[in-house]
$ cat query.txt   # compact mmCIF, C-alpha atoms
# COMPACT_ATOMS: atom_id res chain seq x y z
CA MET A 1 -62.38 80.29 -19.38
CA ASN A 2 -58.67 79.64 -18.84
CA TRP A 3 -55.31 81.38 -18.77
CA SER A 4 -54.33 80.43 -22.31
CA ALA A 5 -57.67 81.28 -23.92
CA LYS A 6 -58.19 84.64 -22.22
CA LEU A 7 -55.98 87.36 -23.66
CA ARG A 8 -54.67 90.17 -21.52
CA PRO A 9 -54.96 93.76 -22.79
CA SER A 10 -52.01 94.67 -24.99
CA GLY A 11 -49.96 97.81 -24.59
CA PRO A 12 -46.70 99.05 -23.09
CA ALA A 13 -45.88 98.19 -19.52
CA PRO A 14 -46.42 101.08 -17.08
CA SER A 15 -43.38 103.21 -16.36
CA GLN A 16 -41.70 103.26 -12.99
CA ALA A 17 -43.31 106.62 -12.29
CA GLN A 18 -46.74 105.23 -13.13
CA SER A 19 -46.14 102.19 -10.95
CA ALA A 20 -45.21 104.40 -8.02
CA LYS A 21 -48.40 106.45 -8.29
CA PRO A 22 -50.30 106.10 -4.98
CA ARG A 23 -53.58 104.25 -5.05
CA PRO A 24 -56.72 106.15 -4.06
CA THR A 25 -57.89 105.54 -0.50
CA PRO A 26 -60.39 102.63 -0.47
CA THR A 27 -63.89 103.71 0.50
CA THR A 28 -67.07 102.05 1.65
CA ALA A 29 -70.32 102.29 -0.29
CA GLY A 30 -71.22 105.41 1.69
CA GLY A 31 -67.92 107.08 0.86
CA ALA A 32 -66.23 106.63 4.24
CA ALA A 33 -62.57 105.68 4.04
CA VAL A 34 -61.64 102.12 4.93
CA ALA A 35 -59.44 102.22 8.05
CA ALA A 36 -56.17 100.82 6.73
CA ALA A 37 -53.13 103.06 6.70
CA PRO A 38 -50.95 102.85 3.56
CA GLY A 39 -47.81 100.90 4.30
CA SER A 40 -49.41 99.13 7.27
CA PRO A 41 -47.71 95.77 7.96
CA ASN A 42 -51.15 94.14 7.83
CA VAL A 43 -51.82 95.30 4.25
CA ARG A 44 -50.34 93.04 1.59
CA ALA A 45 -50.26 93.08 -2.18
CA THR A 46 -52.17 90.25 -3.84
CA ASN A 47 -51.55 88.84 -7.29
CA GLY A 48 -54.11 86.12 -6.63
CA LEU A 49 -57.05 88.50 -6.18
CA LYS A 50 -55.95 90.52 -9.22
CA GLU A 51 -55.94 87.33 -11.32
CA PHE A 52 -59.26 86.19 -9.81
CA LEU A 53 -60.91 89.46 -10.89
CA TRP A 54 -59.33 89.29 -14.35
CA LEU A 55 -60.64 85.76 -14.95
CA LEU A 56 -64.17 86.92 -14.14
CA SER A 57 -63.97 90.26 -15.94
CA ASP A 58 -65.83 89.06 -19.08
CA ILE A 59 -68.85 87.83 -17.12
CA GLU A 60 -71.85 90.11 -16.58
CA GLN A 61 -72.66 90.31 -12.85
CA PRO A 62 -70.60 87.30 -11.82
CA ARG A 63 -71.78 85.41 -8.75
CA ILE A 64 -69.19 84.70 -6.06
CA LEU A 65 -69.21 83.02 -2.66
CA ASP A 66 -67.02 84.30 0.20
CA LEU A 67 -66.31 81.58 2.78
CA GLY A 68 -64.34 83.81 5.18
CA ASN A 69 -65.33 86.11 8.01
CA VAL A 70 -67.96 88.58 6.81
CA SER A 71 -66.35 91.94 6.00
CA GLN A 72 -68.39 94.99 5.02
CA ALA A 73 -65.39 96.41 3.16
CA THR A 74 -65.15 93.25 1.05
CA LEU A 75 -68.89 93.24 0.38
CA ASN A 76 -68.79 96.87 -0.71
CA PHE A 77 -65.80 96.27 -2.98
CA PHE A 78 -67.48 93.48 -4.93
CA ILE A 79 -70.95 95.02 -4.99
CA ASN A 80 -69.55 98.29 -6.35
CA LYS A 81 -67.89 96.29 -9.14
CA GLY A 82 -71.19 94.69 -10.13
CA PHE A 83 -70.69 91.29 -8.49
CA ARG A 84 -73.45 89.36 -6.78
CA ILE A 85 -71.86 88.04 -3.60
CA SER A 86 -72.99 85.52 -1.00
CA THR A 87 -71.18 85.00 2.29
CA GLU A 88 -70.88 82.00 4.60
CA ASP A 89 -68.40 82.00 7.47
CA ILE A 90 -67.71 78.26 7.29
CA LEU A 91 -65.04 77.97 9.98
CA ARG A 92 -67.10 79.80 12.59
CA SER A 93 -70.24 77.86 11.63
CA TRP A 94 -68.36 74.55 11.86
CA LYS A 95 -66.96 75.33 15.32
CA GLU A 96 -70.40 76.43 16.57
CA PHE A 97 -71.93 73.27 15.11
CA ILE A 98 -69.36 71.03 16.88
CA ALA A 99 -69.90 72.85 20.17
CA SER A 100 -73.68 72.42 19.83
CA GLU A 101 -73.37 68.69 19.07
CA GLU A 102 -71.09 68.14 22.07
CA ASP A 103 -73.46 70.10 24.31
CA SER A 104 -76.41 68.00 23.13
CA LEU A 105 -74.47 64.83 23.92
CA ARG A 106 -73.66 66.05 27.44
CA ARG A 107 -77.33 66.91 28.08
CA MET A 108 -78.62 63.46 27.21
CA PRO A 109 -80.15 61.59 30.20
CA PRO A 110 -77.95 58.92 31.78
CA GLY A 111 -78.20 55.64 29.93
CA GLN A 112 -79.28 57.24 26.65
CA GLU A 113 -75.84 58.35 25.52
CA THR A 114 -75.07 57.08 22.04
CA GLY A 115 -71.32 57.59 22.30
CA ARG A 116 -69.21 60.11 20.49
CA ILE A 117 -70.23 60.60 16.85
CA SER A 118 -67.43 60.17 14.33
CA GLN A 119 -65.93 63.24 12.66
CA ALA A 120 -67.03 61.84 9.29
CA SER A 121 -70.66 61.66 10.45
CA LEU A 122 -70.44 65.15 11.89
CA ALA A 123 -69.05 66.50 8.62
CA GLU A 124 -71.89 64.91 6.65
CA LYS A 125 -74.49 66.29 9.06
CA PHE A 126 -72.96 69.78 8.93
CA LEU A 127 -72.91 69.88 5.13
CA ALA A 128 -76.55 68.83 4.99
CA ASP A 129 -77.32 72.50 5.71
CA ALA A 130 -74.06 74.41 5.18
CA VAL A 131 -72.91 75.59 1.72
CA SER A 132 -76.28 74.44 0.44
CA TYR A 133 -76.55 76.01 -3.02
CA PRO A 134 -77.74 74.74 -6.42
CA GLU A 135 -75.18 73.11 -8.67
CA GLU A 136 -73.24 75.45 -10.97
CA ASN A 137 -74.50 78.49 -9.06
CA PHE A 138 -71.26 80.49 -8.71
CA ASN A 139 -68.53 81.82 -10.99
CA GLY A 140 -66.00 82.13 -8.18
CA VAL A 141 -65.32 81.18 -4.57
CA LEU A 142 -63.07 82.96 -2.07
CA VAL A 143 -61.67 80.30 0.27
CA TRP A 144 -58.88 82.44 1.81
CA ASP A 145 -56.78 80.30 4.21
CA LEU A 146 -59.77 78.27 5.42
CA LEU A 147 -58.30 74.91 4.39
CA ASP A 148 -55.34 75.36 6.76
CA TYR A 149 -57.78 75.23 9.69
CA LEU A 150 -60.51 72.75 8.75
CA ASP A 151 -60.90 69.28 10.22
CA SER A 152 -59.55 66.54 7.96
CA GLU A 153 -62.95 64.84 7.53
CA LEU A 154 -64.76 68.04 6.56
CA MET A 155 -62.14 69.37 4.15
CA PRO A 156 -62.48 66.88 1.22
CA ARG A 157 -66.27 66.88 1.53
CA LEU A 158 -66.31 70.67 1.33
CA MET A 159 -64.09 70.54 -1.76
CA ASP A 160 -66.56 68.22 -3.48
CA ARG A 161 -69.37 70.64 -2.62
CA LEU A 162 -67.44 73.63 -3.97
CA PHE A 163 -66.71 71.82 -7.22
CA ASP A 164 -70.42 71.07 -7.64
CA ILE A 165 -71.64 74.62 -7.01
CA LEU A 166 -69.08 76.19 -9.37
CA ARG A 167 -70.01 76.75 -12.99
CA PRO A 168 -67.72 75.33 -15.71
CA GLY A 169 -64.79 77.71 -15.97
CA GLY A 170 -65.38 78.87 -12.38
CA VAL A 171 -62.40 79.84 -10.25
CA VAL A 172 -61.41 79.29 -6.61
CA LEU A 173 -58.96 81.59 -4.79
CA ALA A 174 -57.29 79.91 -1.80
CA MET A 175 -54.28 80.71 0.36
CA PHE A 176 -51.89 78.41 2.21
CA HIS A 177 -49.39 79.19 4.96
CA SER A 178 -45.91 77.76 4.43
CA ARG A 179 -45.28 78.03 8.17
CA THR A 180 -47.55 78.25 11.20
CA PRO A 181 -48.87 81.82 11.46
CA GLU A 182 -48.21 83.71 14.67
CA ARG A 183 -51.90 84.50 15.08
CA TYR A 184 -55.29 84.14 13.44
CA HIS A 185 -56.37 86.73 10.86
CA ARG A 186 -59.44 87.53 8.86
CA TYR A 187 -59.17 89.22 5.47
CA ARG A 188 -60.83 92.23 3.94
CA VAL A 189 -60.36 93.50 0.39
CA LEU A 190 -59.10 97.06 0.03
CA ASP A 191 -58.72 97.33 -3.75
CA THR A 192 -58.00 95.16 -6.78
CA GLN A 193 -54.42 94.51 -5.72
CA SER A 194 -54.37 94.55 -1.92
CA PHE A 195 -56.17 93.21 1.10
CA GLU A 196 -55.80 93.71 4.84
CA MET A 197 -54.99 90.92 7.28
CA VAL A 198 -57.01 91.85 10.38
CA PRO A 199 -55.80 90.26 13.67
CA THR A 200 -58.78 88.45 15.20
CA PRO A 201 -59.40 86.33 18.30
CA THR A 202 -58.61 82.73 17.45
CA ILE A 203 -61.54 80.72 16.12
CA SER A 204 -59.50 77.60 15.44
CA VAL A 205 -55.88 76.55 15.82
CA HIS A 206 -53.79 76.22 12.67
CA ALA A 207 -54.08 72.55 11.71
CA ARG A 208 -51.61 71.84 8.91
CA ILE A 209 -48.91 72.96 6.48
CA PHE A 210 -49.82 71.77 2.99
CA GLN A 211 -47.18 70.36 0.67
CA ASN A 212 -47.58 71.13 -3.04
CA ARG A 213 -48.67 67.57 -3.86
CA GLU A 214 -51.31 67.65 -1.12
CA ILE A 215 -52.79 70.84 -2.54
CA LEU A 216 -52.93 69.38 -6.05
CA ASP A 217 -54.55 66.21 -4.72
CA LEU A 218 -57.14 68.22 -2.79
CA PHE A 219 -58.05 70.12 -5.97
CA GLY A 220 -57.71 67.03 -8.15
CA LYS A 221 -61.07 67.56 -9.88
CA PHE A 222 -60.03 71.00 -11.11
CA ARG A 223 -58.38 71.22 -14.52
CA SER A 224 -55.86 74.03 -14.07
CA SER A 225 -54.06 75.95 -11.35
CA LYS A 226 -51.69 78.86 -10.77
CA THR A 227 -49.74 79.72 -7.62
CA PHE A 228 -48.15 82.92 -6.35
CA VAL A 229 -45.54 82.68 -3.56
CA ALA A 230 -44.80 85.78 -1.49
CA ARG A 231 -41.99 86.62 0.91
CA ASP A 232 -44.33 86.37 3.90
CA GLN A 233 -44.70 82.60 3.30
CA LEU A 234 -48.35 82.94 2.28
CA ARG A 235 -49.07 81.19 -1.01
CA GLU A 236 -52.02 82.29 -3.14
CA ALA A 237 -53.46 79.69 -5.48
CA LEU A 238 -56.11 79.79 -8.21
CA PHE A 239 -57.95 76.71 -9.46
CA LEU A 240 -60.17 76.54 -12.54
CA LYS A 241 -63.05 74.13 -12.94
$ encode --input "query.txt" --output "structure tokens"
Amino acid sequence: MNWSAKLRPSGPAPSQAQSAKPRPTPTTAGGAAVAAAPGSPNVRATNGLKEFLWLLSDIEQPRILDLGNVSQATLNFFINKGFRISTEDILRSWKEFIASEEDSLRRMPPGQETGRISQASLAEKFLADAVSYPEENFNGVLVWDLLDYLDSELMPRLMDRLFDILRPGGVVLAMFHSRTPERYHRYRVLDTQSFEMVPTPTISVHARIFQNREILDLFGKFRSSKTFVARDQLREALFLK
């Protein structure tokens, strides 16, 4: 599966009137409307998600992994489209794991302290249980802006794990801030072309601004990529295995 081998449907481009047609209000599985007012500053159009869905559209019941904050709206969206979705809030789990390790160290009896464990060792220990799936288990992974916040020792190890659990032709959707965001957000999918950025209490401080070369190096095992740059300085990127 790749951009050159997968043909888009042919036909005339939609007219301006068609393009301006309002989208139906997103609903949950029970039919209740998702609380996101049209035109809200927290709702943004997404070419990356649209492309992600298109790349997986030929697969029957594709399996995807969502590494962001768990959102019922996002779960409903993918389930209603026939996806099988797993969720794992990696950033929250990592921060809770670090806090637990530090607490255990503080509770050790005097004289038995082993010293502070290196970040590399902590990352290895964390991934012994986290993101623990069989190889080639998923067709797609939603990373969101997770990589902007992760510790430097955990990030490359997580990328190796994601590469292993993706099937050949699998796709990763990630986002990168071109400047430090004013606050922390979680994301929930509203429809095929938009998602909501939900302001959330800070889980982790923003750690880095990626340069293009750093992103390509981080995804060096992947064979193809595509990037969408928006006016809000949030870059969406797709990577194919």
$ closest_residue --input "query.txt" --among "A:Ile98, A:Leu234, A:Leu53, A:Leu142" --to "Ser86 of chain A" --atoms "all atoms listed in the file"
A:Leu142
$ residues_around --input "query.txt" --residues "Ala230 of chain A" --least-positions-apart "5" --cutoff "10 Å" --atoms "all atoms listed in the file" --output "list in words"
Arg44, Ala45, Thr46, Asn47, Arg235 and Glu236 of chain A
$ closest_residue --input "query.txt" --among "A:Leu67, A:Leu56, A:Val172, A:Val189" --to "Arg223 of chain A" --atoms "only C-alpha atoms"
A:Val172
$ closest_residue --input "query.txt" --among "A:Phe210, A:Trp144, A:Phe83, A:Phe126" --to "Asp58 of chain A" --atoms "all atoms listed in the file"
A:Phe83
$ closest_residue --input "query.txt" --among "A:Ile64, A:Ile59, A:Leu146, A:Ala73" --to "Phe195 of chain A" --atoms "all atoms listed in the file"
A:Ala73
$ atom_distance --input "query.txt" --atom1 "atom CA of Ile209 of chain A" --atom2 "atom CA of Phe176 of chain A"
7.5 Å
$ residues_around --input "query.txt" --residues "Leu162 of chain A" --least-positions-apart "4" --cutoff "9 Å" --atoms "all atoms listed in the file" --output "list in words"
Val131, Val141, Arg157, Leu158, Leu166 and Val172 of chain A
$ residues_near_point --input "query.txt" --point "(-57.7, 82.9, 3.5)" --cutoff "7 Å" --atoms "only C-alpha atoms" --output "list in words"
Gly68, Val143, Trp144, Asp145, Leu146, Ala174, Met175 and Tyr187 of chain A
$ closest_residue --input "query.txt" --among "A:Leu122, A:Ile165, A:Ala207, A:Ile90" --to "Lys241 of chain A" --atoms "all atoms listed in the file"
A:Ile165
$ closest_residue --input "query.txt" --among "A:Leu49, A:Leu240, A:Leu218, A:Val171" --to "Pro156 of chain A" --atoms "all atoms listed in the file"
A:Leu218
$ atom_distance --input "query.txt" --atom1 "atom CA of Ser152 of chain A" --atom2 "atom CA of Asp66 of chain A"
20.8 Å
$ decode --input "query.txt" --residues "segment 154-189 of chain A" --atoms "N, CA and C atoms" --output "PDB file, in the first residue's frame"
ATOM      1  N   LEU A 154      12.925   7.345  25.769  1.00  0.00           N
ATOM      2  CA  LEU A 154      11.769   6.501  25.459  1.00  0.00           C
ATOM      3  C   LEU A 154      11.379   6.609  23.992  1.00  0.00           C
ATOM      4  N   MET A 155      11.522   7.792  23.412  1.00  0.00           N
ATOM      5  CA  MET A 155      11.000   8.053  22.071  1.00  0.00           C
ATOM      6  C   MET A 155      11.532   7.090  21.003  1.00  0.00           C
ATOM      7  N   PRO A 156      12.864   6.917  20.828  1.00  0.00           N
ATOM      8  CA  PRO A 156      13.327   6.009  19.764  1.00  0.00           C
ATOM      9  C   PRO A 156      12.966   4.554  20.030  1.00  0.00           C
ATOM     10  N   ARG A 157      12.894   4.174  21.285  1.00  0.00           N
ATOM     11  CA  ARG A 157      12.516   2.796  21.623  1.00  0.00           C
ATOM     12  C   ARG A 157      11.052   2.542  21.288  1.00  0.00           C
ATOM     13  N   LEU A 158      10.217   3.551  21.533  1.00  0.00           N
ATOM     14  CA  LEU A 158       8.806   3.425  21.162  1.00  0.00           C
ATOM     15  C   LEU A 158       8.656   3.329  19.650  1.00  0.00           C
ATOM     16  N   MET A 159       9.455   4.101  18.909  1.00  0.00           N
ATOM     17  CA  MET A 159       9.366   4.055  17.447  1.00  0.00           C
ATOM     18  C   MET A 159       9.725   2.668  16.920  1.00  0.00           C
ATOM     19  N   ASP A 160      10.726   2.048  17.514  1.00  0.00           N
ATOM     20  CA  ASP A 160      11.083   0.679  17.107  1.00  0.00           C
ATOM     21  C   ASP A 160       9.926  -0.278  17.376  1.00  0.00           C
ATOM     22  N   ARG A 161       9.253  -0.094  18.524  1.00  0.00           N
ATOM     23  CA  ARG A 161       8.126  -0.958  18.862  1.00  0.00           C
ATOM     24  C   ARG A 161       6.974  -0.758  17.875  1.00  0.00           C
ATOM     25  N   LEU A 162       6.694   0.496  17.532  1.00  0.00           N
ATOM     26  CA  LEU A 162       5.605   0.770  16.595  1.00  0.00           C
ATOM     27  C   LEU A 162       5.891   0.160  15.230  1.00  0.00           C
ATOM     28  N   PHE A 163       7.133   0.250  14.800  1.00  0.00           N
ATOM     29  CA  PHE A 163       7.493  -0.335  13.503  1.00  0.00           C
ATOM     30  C   PHE A 163       7.245  -1.845  13.530  1.00  0.00           C
ATOM     31  N   ASP A 164       7.581  -2.486  14.635  1.00  0.00           N
ATOM     32  CA  ASP A 164       7.427  -3.938  14.731  1.00  0.00           C
ATOM     33  C   ASP A 164       5.967  -4.368  14.733  1.00  0.00           C
ATOM     34  N   ILE A 165       5.096  -3.603  15.404  1.00  0.00           N
ATOM     35  CA  ILE A 165       3.704  -4.041  15.526  1.00  0.00           C
ATOM     36  C   ILE A 165       2.851  -3.637  14.319  1.00  0.00           C
ATOM     37  N   LEU A 166       3.413  -2.834  13.410  1.00  0.00           N
ATOM     38  CA  LEU A 166       2.692  -2.475  12.190  1.00  0.00           C
ATOM     39  C   LEU A 166       2.869  -3.552  11.125  1.00  0.00           C
ATOM     40  N   ARG A 167       1.812  -3.808  10.386  1.00  0.00           N
ATOM     41  CA  ARG A 167       1.901  -4.720   9.261  1.00  0.00           C
ATOM     42  C   ARG A 167       2.580  -4.020   8.082  1.00  0.00           C
ATOM     43  N   PRO A 168       3.178  -4.768   7.163  1.00  0.00           N
ATOM     44  CA  PRO A 168       3.739  -4.139   5.954  1.00  0.00           C
ATOM     45  C   PRO A 168       2.668  -3.314   5.246  1.00  0.00           C
ATOM     46  N   GLY A 169       3.013  -2.096   4.896  1.00  0.00           N
ATOM     47  CA  GLY A 169       2.042  -1.192   4.308  1.00  0.00           C
ATOM     48  C   GLY A 169       1.254  -0.414   5.339  1.00  0.00           C
ATOM     49  N   GLY A 170       1.523  -0.668   6.634  1.00  0.00           N
ATOM     50  CA  GLY A 170       0.829   0.049   7.699  1.00  0.00           C
ATOM     51  C   GLY A 170       1.211   1.520   7.728  1.00  0.00           C
ATOM     52  N   VAL A 171       0.356   2.330   8.338  1.00  0.00           N
ATOM     53  CA  VAL A 171       0.544   3.780   8.305  1.00  0.00           C
ATOM     54  C   VAL A 171       0.464   4.368   9.710  1.00  0.00           C
ATOM     55  N   VAL A 172       1.339   5.347   9.978  1.00  0.00           N
ATOM     56  CA  VAL A 172       1.336   6.097  11.234  1.00  0.00           C
ATOM     57  C   VAL A 172       0.924   7.529  10.942  1.00  0.00           C
ATOM     58  N   LEU A 173       0.002   8.069  11.741  1.00  0.00           N
ATOM     59  CA  LEU A 173      -0.358   9.484  11.673  1.00  0.00           C
ATOM     60  C   LEU A 173       0.188  10.174  12.912  1.00  0.00           C
ATOM     61  N   ALA A 174       1.074  11.143  12.702  1.00  0.00           N
ATOM     62  CA  ALA A 174       1.670  11.896  13.808  1.00  0.00           C
ATOM     63  C   ALA A 174       1.546  13.381  13.527  1.00  0.00           C
ATOM     64  N   MET A 175       1.647  14.179  14.592  1.00  0.00           N
ATOM     65  CA  MET A 175       1.568  15.632  14.449  1.00  0.00           C
ATOM     66  C   MET A 175       2.721  16.270  15.223  1.00  0.00           C
ATOM     67  N   PHE A 176       3.200  17.401  14.702  1.00  0.00           N
ATOM     68  CA  PHE A 176       4.345  18.077  15.306  1.00  0.00           C
ATOM     69  C   PHE A 176       4.075  19.572  15.358  1.00  0.00           C
ATOM     70  N   HIS A 177       4.309  20.170  16.521  1.00  0.00           N
ATOM     71  CA  HIS A 177       4.150  21.608  16.684  1.00  0.00           C
ATOM     72  C   HIS A 177       5.392  22.331  16.163  1.00  0.00           C
ATOM     73  N   SER A 178       5.178  23.374  15.364  1.00  0.00           N
ATOM     74  CA  SER A 178       6.293  24.172  14.867  1.00  0.00           C
ATOM     75  C   SER A 178       6.684  25.282  15.846  1.00  0.00           C
ATOM     76  N   ARG A 179       5.871  25.451  16.873  1.00  0.00           N
ATOM     77  CA  ARG A 179       6.207  26.368  17.968  1.00  0.00           C
ATOM     78  C   ARG A 179       5.565  25.800  19.234  1.00  0.00           C
ATOM     79  N   THR A 180       6.049  26.228  20.383  1.00  0.00           N
ATOM     80  CA  THR A 180       5.541  25.698  21.642  1.00  0.00           C
ATOM     81  C   THR A 180       4.064  26.051  21.805  1.00  0.00           C
ATOM     82  N   PRO A 181       3.201  25.066  21.984  1.00  0.00           N
ATOM     83  CA  PRO A 181       1.771  25.357  22.132  1.00  0.00           C
ATOM     84  C   PRO A 181       1.495  26.095  23.434  1.00  0.00           C
ATOM     85  N   GLU A 182       0.453  26.894  23.428  1.00  0.00           N
ATOM     86  CA  GLU A 182       0.106  27.681  24.613  1.00  0.00           C
ATOM     87  C   GLU A 182      -0.390  26.804  25.752  1.00  0.00           C
ATOM     88  N   ARG A 183      -0.987  25.663  25.417  1.00  0.00           N
ATOM     89  CA  ARG A 183      -1.448  24.754  26.463  1.00  0.00           C
ATOM     90  C   ARG A 183      -1.549  23.341  25.912  1.00  0.00           C
ATOM     91  N   TYR A 184      -1.747  22.403  26.803  1.00  0.00           N
ATOM     92  CA  TYR A 184      -1.844  20.995  26.425  1.00  0.00           C
ATOM     93  C   TYR A 184      -3.257  20.682  25.939  1.00  0.00           C
ATOM     94  N   HIS A 185      -3.343  19.871  24.881  1.00  0.00           N
ATOM     95  CA  HIS A 185      -4.632  19.454  24.338  1.00  0.00           C
ATOM     96  C   HIS A 185      -4.678  17.940  24.191  1.00  0.00           C
ATOM     97  N   ARG A 186      -5.874  17.395  24.242  1.00  0.00           N
ATOM     98  CA  ARG A 186      -6.105  16.051  23.743  1.00  0.00           C
ATOM     99  C   ARG A 186      -6.946  16.196  22.483  1.00  0.00           C
ATOM    100  N   TYR A 187      -7.087  15.110  21.732  1.00  0.00           N
ATOM    101  CA  TYR A 187      -7.737  15.185  20.427  1.00  0.00           C
ATOM    102  C   TYR A 187      -8.878  14.180  20.358  1.00  0.00           C
ATOM    103  N   ARG A 188      -9.965  14.608  19.741  1.00  0.00           N
ATOM    104  CA  ARG A 188     -11.053  13.665  19.494  1.00  0.00           C
ATOM    105  C   ARG A 188     -11.578  13.887  18.079  1.00  0.00           C
ATOM    106  N   VAL A 189     -11.799  12.785  17.380  1.00  0.00           N
ATOM    107  CA  VAL A 189     -12.230  12.827  15.982  1.00  0.00           C
ATOM    108  C   VAL A 189     -13.709  13.155  15.920  1.00  0.00           C
TER     109      VAL A 189
END
